[in-house]
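Asks: Sharing a structure, written as structure tokens. Questions coming.
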Amino acid sequence: MDKVKRIEMALHIQELCAAHNITVKYQSLHEEVPTYYAQPQGRIIQIRPTKNTGYYVSALHEIGHIIGERQEPETSTLTKELYAWLWARKNALVWTDTAERIMRNAMDTYGWTSRQKDIWERKVASYE
């Protein structure tokens, strides 16, 4: 795939949110620590402006918490996180080594196991 420009990534996030009635709050880039979240009940996400691939895939991940599979309240946090990342991976215009590293680091913080890693590998293979 040709290199995807930042503006294309930013527009993709805006288009997805508009199409799915998701309100976006942007965290200032002046704040050092990124704070991303999704509030599925209110259909709100907080993201940073889409200035690079990392911010882009993190935004997709938050959208995945609202419209992706396995996001019901009774679902475990680990499962919700995995499936939000799977939604992000499936719907991304581009998935780079940076995107993969961000996803893996995030899942590491939730203590994903070989079971979740197997699900990731199997599902991603089916997208290609």
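We label chains A, B, ... in the order they appear in the structure tokens, count residues from 1 in each chain, and number ligands from 1 in the order shown.
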Pull the closest atom pair for each residue of segment 39-123 of chain A that gets at most 7 Å from segment 20-27 of chain A, along with the distance in Å to one decimal, counting only C-alpha atoms, ordering rows by chain and then ascending residue number, as a Markdown table.
Replies:
```
| residue | atom | partner | partner_atom | distance |
| --- | --- | --- | --- | --- |
| A:Arg43 | CA | A:Ile22 | CA | 4.9 |
| A:Ile44 | CA | A:Thr23 | CA | 4.7 |
| A:Ile45 | CA | A:Val24 | CA | 5.1 |
| A:Gln46 | CA | A:Lys25 | CA | 4.6 |
| A:Ile47 | CA | A:Tyr26 | CA | 5.2 |
| A:Arg48 | CA | A:Gln27 | CA | 4.9 |
| A:Pro49 | CA | A:Tyr26 | CA | 6.2 |
```
Asks: Segment 98-112 of chain A: which residues within 7 Å, counting only C-alpha atoms, same-chain residues fewer than 4 positions away excluded, as a PyMOL selection string?
Replies: chain A and resi 53-54+57+78+85+116
Asks: Would you kindly return, as a PyMOL selection string, each protein, DNA or RNA residue with an atom no farther than 12 Å from any atom of Leu16 of chain A, considering only C-alpha atoms and excluding same-chain residues fewer than 6 positions away?
Replies: chain A and resi 9-10+22-24+45+59-64+66-67+88+91-93
Asks: For Tyr127 of chain A, which residue among A:Trp87, A:Asp97, A:Lys3, A:Thr113 is the nearest when counting only C-alpha atoms?
Replies: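 Selected residue with least distance to Tyr127 of chain A: A:Trp87.
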Asks: Can you tell me, as a ChimeraX atom specification, which residues in chain A count as alpha helix (DSSP H) by DSSP?
Replies: /A:6-19,53-67,77-91,97-109,114-127
Asks: What is the distance between atom CA of Trp120 of chain A and atom CA of Tyr83 of chain A, in Å to one decimal?
Replies: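 Here the two named atoms are 8.6 Å from each other.
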Asks: To one decimal place, how far is atom CA of His65 of chain A from atom CA of Tyr37 of chain A in Å?
Replies: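 If I compute the distance from atom CA of His65 of chain A to atom CA of Tyr37 of chain A, I get 8.9 Å.
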Asks: Could you give me, as number ranges by chain, each residue of segment 36-109 of chain A that DSSP assigns to strand (DSSP E) when run on this structure's backbone?
Replies: A: 37-39, 44-47
Asks: How about saving the chosen residues, all heavy atoms kept, as a compact mmCIF listing (two decimals), in the first residue's frame?
Replies:
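Saved result, again32.txt, follows:
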```txt
# COMPACT_ATOMS: atom_id res chain seq x y z
N TYR A 37 -9.75 7.45 25.88
CA TYR A 37 -10.80 6.65 26.50
C TYR A 37 -12.02 6.63 25.60
O TYR A 37 -12.16 7.45 24.69
CB TYR A 37 -11.16 7.13 27.91
CG TYR A 37 -11.75 8.53 27.99
CD1 TYR A 37 -13.09 8.77 27.68
CD2 TYR A 37 -10.97 9.60 28.41
CE1 TYR A 37 -13.64 10.05 27.76
CE2 TYR A 37 -11.51 10.87 28.51
CZ TYR A 37 -12.85 11.09 28.19
OH TYR A 37 -13.37 12.35 28.27
N ALA A 38 -12.89 5.66 25.90
CA ALA A 38 -14.18 5.56 25.21
C ALA A 38 -15.26 5.46 26.28
O ALA A 38 -15.08 4.77 27.28
CB ALA A 38 -14.22 4.33 24.32
N GLN A 39 -16.37 6.14 26.05
CA GLN A 39 -17.56 6.02 26.88
C GLN A 39 -18.67 5.49 25.98
O GLN A 39 -19.38 6.27 25.33
CB GLN A 39 -17.96 7.37 27.48
CG GLN A 39 -16.95 7.92 28.46
CD GLN A 39 -17.33 9.32 28.94
OE1 GLN A 39 -18.04 10.06 28.28
NE2 GLN A 39 -16.82 9.67 30.11
N ILE A 44 -18.90 8.57 23.19
CA ILE A 44 -17.87 9.61 23.24
C ILE A 44 -16.51 8.94 23.31
O ILE A 44 -16.33 7.95 24.03
CB ILE A 44 -18.07 10.49 24.51
CG1 ILE A 44 -19.42 11.20 24.47
CG2 ILE A 44 -16.92 11.49 24.66
CD1 ILE A 44 -19.82 11.83 25.79
N ILE A 45 -15.57 9.50 22.57
CA ILE A 45 -14.17 9.09 22.72
C ILE A 45 -13.32 10.32 22.98
O ILE A 45 -13.66 11.42 22.56
CB ILE A 45 -13.62 8.32 21.49
CG1 ILE A 45 -13.63 9.20 20.23
CG2 ILE A 45 -14.37 7.02 21.29
CD1 ILE A 45 -12.90 8.59 19.04
N GLN A 46 -12.23 10.11 23.71
CA GLN A 46 -11.21 11.15 23.82
C GLN A 46 -9.95 10.60 23.17
O GLN A 46 -9.53 9.48 23.47
CB GLN A 46 -10.89 11.54 25.25
CG GLN A 46 -9.76 12.58 25.29
CD GLN A 46 -9.52 13.15 26.66
OE1 GLN A 46 -10.37 13.80 27.22
NE2 GLN A 46 -8.33 12.89 27.19
N ILE A 47 -9.39 11.40 22.27
CA ILE A 47 -8.18 11.02 21.55
C ILE A 47 -7.27 12.24 21.44
O ILE A 47 -7.66 13.35 21.83
CB ILE A 47 -8.52 10.49 20.13
CG1 ILE A 47 -9.23 11.57 19.30
CG2 ILE A 47 -9.35 9.21 20.24
CD1 ILE A 47 -9.51 11.18 17.85
```
Asks: Just to confirm, what's the straight-line distance from atom CA of Tyr55 of chain A to atom CA of Ser76 of chain A in Å (one decimal)?
Replies: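 It comes out at 24.7 Å.
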Asks: So which one's closest to Trp95 of chain A, A:Ser126, A:Ser114, A:Ser58, A:Thr35? Using only C-alpha atoms, please.
Replies: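 Closest to Trp95 of chain A, using only C-alpha atoms: A:Ser58.
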